[in-house]
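Reading through the C-alpha cells given below for one structure.
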Amino acid sequence: MKPRLIFTLSLIVLTTLLYAATVGTTLLDFKLSGSQPGQSGDFKAGCGCHDGYNANVEPGFNWKGSMMAQSQRDPLYLAALAIANQDAANSGDLCIRCHTPIGWLEGRSVPTSGSNLTADDRQGVSCEFCHRMVKPFPLGTNPYPGDAAYISSVGSYGRDTTYLKTLSSIPPSPGNGMYVVDSDETRRGPRTSGPSHAFYYSPFHRDAALCGTCHDVSNPVFSKQTDGSGNFYYTLNPLNDPPPSQNPYDQFPIERTYSEWLKSSYNTAQGVYAPQFGGNRDTVRTCQDCHMKDVTGQAAGQGATRTDLALHDFVGGNTFAPRLVRHFYPREVNSAAIDSGILRARRMLQKAATLEVTPQPPHTIQVKVTNQSGHKLPTGYPEGRRMWLNVKGFNAGMVLVAEFGAYDTANATLITSNTKVYEAKLGMTPEIVAATGKSNDPDGSSFHFVLNNTVVKDNRIPPRGFTNQNFKNIQSPPVAATYADGQYWDVTTYTFPTNVIWYEVNLYYQTSSKEYITFLKDKNTTPGNNW
C-alpha cells in the first residue's frame, strides 16, 4: 500500500496472548478483573437523539466514522484474531473483549473465533458501553475527593460503589480491557445537568484512565521477572491458571499508549499549549482533549448549544482500515461518515509531527523530527505500523540523483537500509521458539504477537516530559536506540553527491506494512476464515 501521511495517533488495540495452540491454553489463562460476562445486563443498539441533526458535531455521525465503531469489522484485526487463536487456543477471548465489549459482556465471546457474535456486536465500542462504564476504585475510597458533585445527588459515586461491591475482583489499574460496566442502564457522562433522560454525573468520563482501559495492553500469560541488573524478562505462567498478578505492569507489554501519556508533560496541571489539537481548547491534558476535541454545538437534537461539546470522532491516524471495512461491510456502515473519519485522521496525522531541515555544507543535511503528540511517535500495537523519512536530492536540472527511504508503490516495498524507520518490533525468546515450533524473522522479530515475549527494537520518538527511568517503569524504554531525558525529537544526517543542490524531505506513516499483510495472508490457516 502507498503511504500518504505523517503518523498516527492510533486508536485500534489488539489484545491476545500466549502458549502455542499445541499446549492448549484455556480461558482461565486469560481471566482478568472487572465485570464478567453476564454481570452488566443487556445492551441496546443506537442512541437516536444524538444522531441525524448536524453531522459536523453530533455524536452519532462522527462515531460512525471512527475506528471505535469499526473495531469488530476491521479485516486486519479479524485476520490477526484467527492467527492468535491458532497460536494460542482461546486467546481470542482477550481480543474480543476490547473490540466488541458488548458481545463479550453478553457472553458471546466463546468460541473465541468470534463465530457466535452478532451483527449488533459488530458495532464495536458503542455509545451505551462507554456511558455505563464505572471508575474502578477500592471500596471505601473516593477517587475524586476534590469533586463535590461526584458524591452529590446527581453524582455516580453511590451507584459506582453499589455495583463495585458485586464484583469478585476490582481492577487494580487501567489496562487490558479490565472494564467495569454497570448493570444499571442509566447513562453516565461529564455533565451535572442538561440531559432530558436519567443520568449520573461521572468525572471518569473526562479522565484519561477511561481510555487507558483498552489502550494499555499486556500479555497476561507472561509474568515479569527481574535479573540481577534490574532488567526485565518474561516467563510463562503455569497452564490453566489465571495470571498471578492483575497489574498490567507485571505482564509482558504489548502496547503502552496510555502509560506513555501518563509519563508525559501532557499529564500535568499546566498541560501543553496545542490549539491545533484541542478545538475550542487551547491547552490539552488528557486523551479526550485531543481525540474528542471541544467544538461548539448540541449533544442532542433538542439540546443546549455548548462551546465545550466533545466531538465523538475519537480521531486517530487510520485511513486504510476504514476503506477495507466499507468494502467488506457496505450495508452496515455509513459511507459518508467513513469518508469524514478518514479526512479527520489525515488532518491529525499532519499535526502529529514537525520537520526541520538544516543544511550542513557542503553536501549534508540534518533532519529533525519533533513529536507533537502526547505519546510515542508512532504509538500503539506494532502490527507493521511504522514511520520513516524519505529524503530526495536533485541536481540543477531537477533530476533525481539520490534517494533515501525509497518506497516502491508497485511492490509495496520500502528500502530501510539507508534511512530512519521509527517502529517497535517484538519477538520470541529462544525458549518460546523451541516450545512452539514458530520462528522469528532474521532480525529476531515476530508478528506472532500472542507468542512474543521480548522487545527487539523500539526507536519511536518519546513525548514531551520523557525520562528513561519513567519509561522503563512503564515497560516502554527505548530499545536499540537512545534518547536523553527530556528529548522528544530525533535528528538524522544525510550526505549527498556533490551535484545535489535541491532537497525534498517527507515523513511518511504506514498503517500496516506489506510484510505484516503478507504474514496475515500466509499464516491464516483457519478453515472458513478468508481474511
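Convention: chains lettered A, B, ... in C-alpha cells order; per-chain residue numbering from 1; ligands numbered from 1 as shown.
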
Determine, counting only C-alpha atoms, which protein, DNA and RNA residues have an atom within 10 Å of an atom of Val272 of chain A; residues of the same chain fewer than 6 positions away are not included. Present the result as a PDB file with C-alpha atoms, in the first residue's frame.
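selection10.pdb, written as the output of this step:
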ATOM      1  CA  SER A 264       4.418  12.846  29.566  1.00  0.00           C
ATOM      2  CA  SER A 265       4.134  16.603  30.081  1.00  0.00           C
ATOM      3  CA  TYR A 266       0.551  16.430  28.864  1.00  0.00           C
ATOM      4  CA  ASP A 282      -6.017  25.908  23.668  1.00  0.00           C
ATOM      5  CA  THR A 283      -4.300  23.726  26.266  1.00  0.00           C
ATOM      6  CA  VAL A 284      -4.598  19.942  26.190  1.00  0.00           C
ATOM      7  CA  ARG A 285      -4.011  17.496  29.009  1.00  0.00           C
ATOM      8  CA  GLN A 372       3.918  16.830  18.832  1.00  0.00           C
ATOM      9  CA  GLY A 374       1.082  13.066  23.814  1.00  0.00           C
ATOM     10  CA  ARG A 464       7.378  15.767  25.922  1.00  0.00           C
TER      11      ARG A 464
END

If we count only C-alpha atoms and set the cut-off at 9 Å, which residues sit around segment 437-447 of chain A, ignoring sequence neighbours fewer than 4 positions away in its own chain? Please answer as a list in words.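 Here the qualifying residues turn out to be Ala20, Pro382, Glu383, Gly384, Lys425, Leu426, Gly427, Met428, Thr429, Ile432, Val433, Leu451, Asn452, Thr454, Val455, Val456, Lys457, Tyr516, Phe519 and Leu520 of chain A.
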
Residues as selected, all heavy atoms, written as a short mmCIF file (atom, residue, chain, number, x, y, z; two decimals), in the first residue's frame, can you do that?
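part.cif written:
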data_model
loop_
_atom_site.label_atom_id
_atom_site.label_comp_id
_atom_site.auth_asym_id
_atom_site.auth_seq_id
_atom_site.Cartn_x
_atom_site.Cartn_y
_atom_site.Cartn_z
N ALA A 20 1.56 -21.90 22.81
CA ALA A 20 1.26 -22.42 21.49
C ALA A 20 -0.02 -23.21 21.53
O ALA A 20 -0.40 -23.77 22.54
CB ALA A 20 2.41 -23.31 21.02
N PRO A 382 2.43 -2.76 17.53
CA PRO A 382 3.29 -2.71 16.34
C PRO A 382 2.90 -3.73 15.27
O PRO A 382 3.67 -4.63 14.94
CB PRO A 382 4.68 -3.00 16.91
CG PRO A 382 4.42 -3.84 18.12
CD PRO A 382 3.13 -3.35 18.69
N GLU A 383 1.73 -3.60 14.70
CA GLU A 383 1.23 -4.51 13.67
C GLU A 383 1.73 -4.07 12.28
O GLU A 383 0.94 -3.86 11.36
CB GLU A 383 -0.29 -4.55 13.69
CG GLU A 383 -0.94 -3.18 13.64
CD GLU A 383 -2.45 -3.23 13.66
OE1 GLU A 383 -3.03 -4.19 13.17
OE2 GLU A 383 -3.05 -2.28 14.17
N GLY A 384 3.02 -3.93 12.14
CA GLY A 384 3.56 -3.43 10.88
C GLY A 384 3.46 -1.93 10.80
O GLY A 384 3.78 -1.34 9.76
N LYS A 425 9.38 -3.40 17.41
CA LYS A 425 9.33 -4.79 16.96
C LYS A 425 9.43 -5.71 18.17
O LYS A 425 10.31 -5.53 19.02
CB LYS A 425 10.47 -5.09 15.97
CG LYS A 425 10.30 -4.44 14.61
CD LYS A 425 11.33 -4.95 13.63
CE LYS A 425 11.06 -4.46 12.21
NZ LYS A 425 11.99 -5.06 11.23
N LEU A 426 8.54 -6.68 18.23
CA LEU A 426 8.55 -7.67 19.29
C LEU A 426 9.03 -9.01 18.73
O LEU A 426 9.00 -9.23 17.52
CB LEU A 426 7.15 -7.82 19.88
CG LEU A 426 6.43 -6.54 20.30
CD1 LEU A 426 5.07 -6.84 20.90
CD2 LEU A 426 7.28 -5.73 21.26
N GLY A 427 9.44 -9.89 19.62
CA GLY A 427 9.90 -11.20 19.16
C GLY A 427 9.78 -12.25 20.25
O GLY A 427 9.31 -11.97 21.36
N MET A 428 10.18 -13.46 19.91
CA MET A 428 10.14 -14.59 20.84
C MET A 428 11.54 -14.93 21.30
O MET A 428 12.48 -14.92 20.50
CB MET A 428 9.52 -15.82 20.14
CG MET A 428 8.08 -15.63 19.69
SD MET A 428 7.45 -17.07 18.75
CE MET A 428 8.24 -16.79 17.13
N THR A 429 11.69 -15.23 22.59
CA THR A 429 12.97 -15.70 23.09
C THR A 429 13.21 -17.12 22.59
O THR A 429 12.27 -17.81 22.16
CB THR A 429 12.99 -15.68 24.62
OG1 THR A 429 11.95 -16.52 25.11
CG2 THR A 429 12.82 -14.27 25.16
N ILE A 432 10.77 -19.79 23.79
CA ILE A 432 9.43 -19.80 23.19
C ILE A 432 9.49 -20.36 21.77
O ILE A 432 8.60 -21.11 21.35
CB ILE A 432 8.82 -18.39 23.21
CG1 ILE A 432 8.73 -17.88 24.66
CG2 ILE A 432 7.44 -18.38 22.56
CD1 ILE A 432 7.95 -18.79 25.59
N VAL A 433 10.52 -20.03 21.05
CA VAL A 433 10.70 -20.61 19.71
C VAL A 433 10.77 -22.13 19.80
O VAL A 433 10.11 -22.85 19.03
CB VAL A 433 11.97 -20.04 19.05
CG1 VAL A 433 12.31 -20.82 17.78
CG2 VAL A 433 11.80 -18.56 18.73
N LEU A 451 2.62 -14.90 21.04
CA LEU A 451 3.77 -15.69 21.48
C LEU A 451 4.97 -14.83 21.86
O LEU A 451 5.90 -15.31 22.49
CB LEU A 451 4.18 -16.66 20.38
CG LEU A 451 3.09 -17.59 19.83
CD1 LEU A 451 3.65 -18.44 18.69
CD2 LEU A 451 2.52 -18.47 20.93
N ASN A 452 4.95 -13.57 21.47
CA ASN A 452 6.11 -12.71 21.69
C ASN A 452 6.30 -12.41 23.18
O ASN A 452 5.33 -12.16 23.90
CB ASN A 452 5.96 -11.39 20.93
CG ASN A 452 6.06 -11.58 19.43
OD1 ASN A 452 6.70 -12.51 18.95
ND2 ASN A 452 5.43 -10.69 18.67
N THR A 454 9.57 -10.63 24.09
CA THR A 454 10.73 -9.76 24.21
C THR A 454 10.61 -8.62 23.20
O THR A 454 9.95 -8.78 22.16
CB THR A 454 12.04 -10.55 23.96
OG1 THR A 454 13.16 -9.71 24.27
CG2 THR A 454 12.16 -11.03 22.53
N VAL A 455 11.20 -7.48 23.53
CA VAL A 455 11.19 -6.32 22.64
C VAL A 455 12.53 -6.27 21.92
O VAL A 455 13.59 -6.20 22.56
CB VAL A 455 10.95 -5.01 23.41
CG1 VAL A 455 10.94 -3.82 22.45
CG2 VAL A 455 9.64 -5.08 24.19
N VAL A 456 12.48 -6.34 20.60
CA VAL A 456 13.69 -6.38 19.79
C VAL A 456 14.15 -4.97 19.44
O VAL A 456 15.35 -4.68 19.41
CB VAL A 456 13.43 -7.19 18.50
CG1 VAL A 456 14.63 -7.15 17.58
CG2 VAL A 456 13.06 -8.62 18.84
N LYS A 457 13.19 -4.09 19.17
CA LYS A 457 13.51 -2.72 18.75
C LYS A 457 12.39 -1.79 19.18
O LYS A 457 11.22 -2.16 19.11
CB LYS A 457 13.68 -2.65 17.23
CG LYS A 457 13.89 -1.24 16.67
CD LYS A 457 13.88 -1.23 15.14
CE LYS A 457 14.05 0.17 14.58
NZ LYS A 457 13.95 0.20 13.09
N TYR A 516 3.56 -7.29 7.11
CA TYR A 516 2.52 -7.71 8.06
C TYR A 516 1.30 -8.26 7.31
O TYR A 516 0.74 -9.29 7.71
CB TYR A 516 2.10 -6.54 8.94
CG TYR A 516 1.08 -6.92 9.99
CD1 TYR A 516 1.40 -7.80 11.00
CD2 TYR A 516 -0.22 -6.40 9.95
CE1 TYR A 516 0.48 -8.15 11.97
CE2 TYR A 516 -1.15 -6.75 10.92
CZ TYR A 516 -0.80 -7.62 11.92
OH TYR A 516 -1.72 -7.98 12.87
N PHE A 519 2.10 -11.69 6.18
CA PHE A 519 2.03 -12.60 7.31
C PHE A 519 0.58 -13.01 7.59
O PHE A 519 0.28 -14.20 7.78
CB PHE A 519 2.64 -11.92 8.54
CG PHE A 519 2.37 -12.63 9.85
CD1 PHE A 519 3.17 -13.69 10.25
CD2 PHE A 519 1.32 -12.24 10.66
CE1 PHE A 519 2.92 -14.34 11.45
CE2 PHE A 519 1.06 -12.88 11.85
CZ PHE A 519 1.86 -13.94 12.25
N LEU A 520 -0.32 -12.04 7.63
CA LEU A 520 -1.73 -12.35 7.89
C LEU A 520 -2.30 -13.29 6.82
O LEU A 520 -3.09 -14.19 7.12
CB LEU A 520 -2.55 -11.06 7.95
CG LEU A 520 -2.25 -10.09 9.10
CD1 LEU A 520 -3.14 -8.86 8.99
CD2 LEU A 520 -2.42 -10.76 10.46
#

Segment 288-355 of chain A residues near segment 193-213 of chain A within 8 Å, closest pair each, using only C-alpha atoms, as JSON lines:
{"residue": "A:Gln288", "atom": "CA", "partner": "A:Arg206", "partner_atom": "CA", "distance": 6.8}
{"residue": "A:Gly303", "atom": "CA", "partner": "A:Gly194", "partner_atom": "CA", "distance": 7.7}
{"residue": "A:Ala304", "atom": "CA", "partner": "A:Gly194", "partner_atom": "CA", "distance": 7.7}

Please identify the helix (DSSP H, G or I) residues within segment 263-417 of chain A (assignment by DSSP from backbone atoms) and present them as JSON, numbers by chain. {"A": [275, 276, 277, 278, 287, 288, 289, 290, 291, 321, 322, 323, 324, 325, 326, 327, 328, 335, 336, 337, 338, 339, 340, 341, 342, 343, 344, 345, 346, 347, 348, 349, 350, 351]}

Selection from above, C-alpha atoms, as a compact mmCIF listing (two decimals), in the first residue's frame, can you write it?
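Written output follows (out_36.txt):
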# COMPACT_ATOMS: atom_id res chain seq x y z
CA PRO A 275 -4.75 24.56 19.99
CA GLN A 276 -4.20 22.55 16.80
CA PHE A 277 -5.46 19.50 18.70
CA GLY A 278 -7.95 20.89 21.23
CA CYS A 287 -6.63 11.75 25.81
CA GLN A 288 -10.11 13.25 25.39
CA ASP A 289 -8.74 16.77 24.86
CA CYS A 290 -7.04 15.67 21.61
CA HIS A 291 -9.12 12.70 20.47
CA ALA A 321 -8.72 0.13 7.51
CA PRO A 322 -11.90 2.25 7.18
CA ARG A 323 -11.83 1.73 3.42
CA LEU A 324 -11.43 -2.02 3.92
CA VAL A 325 -14.36 -2.03 6.33
CA ARG A 326 -16.55 -0.25 3.80
CA HIS A 327 -15.55 -2.77 1.13
CA PHE A 328 -16.44 -5.80 3.23
CA SER A 335 -20.10 5.69 3.74
CA ALA A 336 -20.19 9.46 4.26
CA ALA A 337 -19.18 9.00 7.89
CA ILE A 338 -16.29 6.76 6.82
CA ASP A 339 -15.04 9.44 4.39
CA SER A 340 -15.38 12.12 7.06
CA GLY A 341 -13.43 10.00 9.53
CA ILE A 342 -10.64 9.41 7.02
CA LEU A 343 -10.36 13.15 6.39
CA ARG A 344 -10.12 13.90 10.11
CA ALA A 345 -7.49 11.17 10.56
CA ARG A 346 -5.46 12.65 7.72
CA ARG A 347 -5.55 16.04 9.42
CA MET A 348 -4.50 14.50 12.72
CA LEU A 349 -1.55 12.80 11.05
CA GLN A 350 -0.36 16.06 9.58
CA LYS A 351 -0.30 17.68 13.04

Just the residues within 8 Å of Asp184 of chain A, please, counting only C-alpha atoms, with nothing from its chain fewer than 2 positions along; format it as a PyMOL selection string. chain A and resi 40-41+132+182+186

Export all heavy atoms of the chosen residues as a compact mmCIF listing (two decimals), in the first residue's frame?
# COMPACT_ATOMS: atom_id res chain seq x y z
N SER A 40 -23.25 -7.36 33.53
CA SER A 40 -23.55 -5.97 33.15
C SER A 40 -24.90 -5.82 32.48
O SER A 40 -25.20 -4.77 31.90
CB SER A 40 -22.44 -5.43 32.22
OG SER A 40 -21.20 -5.41 32.89
N GLY A 41 -25.72 -6.85 32.56
CA GLY A 41 -27.05 -6.76 31.99
C GLY A 41 -27.05 -6.78 30.47
O GLY A 41 -26.10 -7.24 29.84
N ARG A 132 -21.85 3.57 30.30
CA ARG A 132 -22.17 2.81 31.51
C ARG A 132 -20.91 2.37 32.24
O ARG A 132 -20.97 1.61 33.21
CB ARG A 132 -23.04 1.60 31.16
CG ARG A 132 -24.49 1.99 30.89
CD ARG A 132 -25.31 0.90 30.24
NE ARG A 132 -25.35 -0.35 30.95
CZ ARG A 132 -26.06 -1.42 30.55
NH1 ARG A 132 -26.79 -1.34 29.44
NH2 ARG A 132 -26.06 -2.54 31.25
N ASP A 182 -21.65 -0.99 34.53
CA ASP A 182 -22.79 -1.14 35.43
C ASP A 182 -23.94 -1.88 34.74
O ASP A 182 -24.20 -1.70 33.55
CB ASP A 182 -23.26 0.24 35.87
CG ASP A 182 -24.10 0.21 37.14
OD1 ASP A 182 -24.55 -0.89 37.55
OD2 ASP A 182 -24.32 1.29 37.71
N THR A 186 -28.79 3.40 33.41
CA THR A 186 -28.71 4.86 33.47
C THR A 186 -27.36 5.32 32.93
O THR A 186 -26.30 4.85 33.36
CB THR A 186 -28.87 5.34 34.92
OG1 THR A 186 -30.11 4.86 35.43
CG2 THR A 186 -28.86 6.86 34.99

Provide the atom CA of Ile474 of chain A to atom CA of Val180 of chain A distance in Å, to one decimal place.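 Taking atom CA of Ile474 of chain A as the start and atom CA of Val180 of chain A as the end point, the length is 22.8 Å.
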
Rounded to one decimal, what separation in Å do you get between atom CA of Asn56 of chain A and atom CA of Cys130 of chain A?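 Interatomic distance, atom CA of Asn56 of chain A to atom CA of Cys130 of chain A: 21.3 Å.
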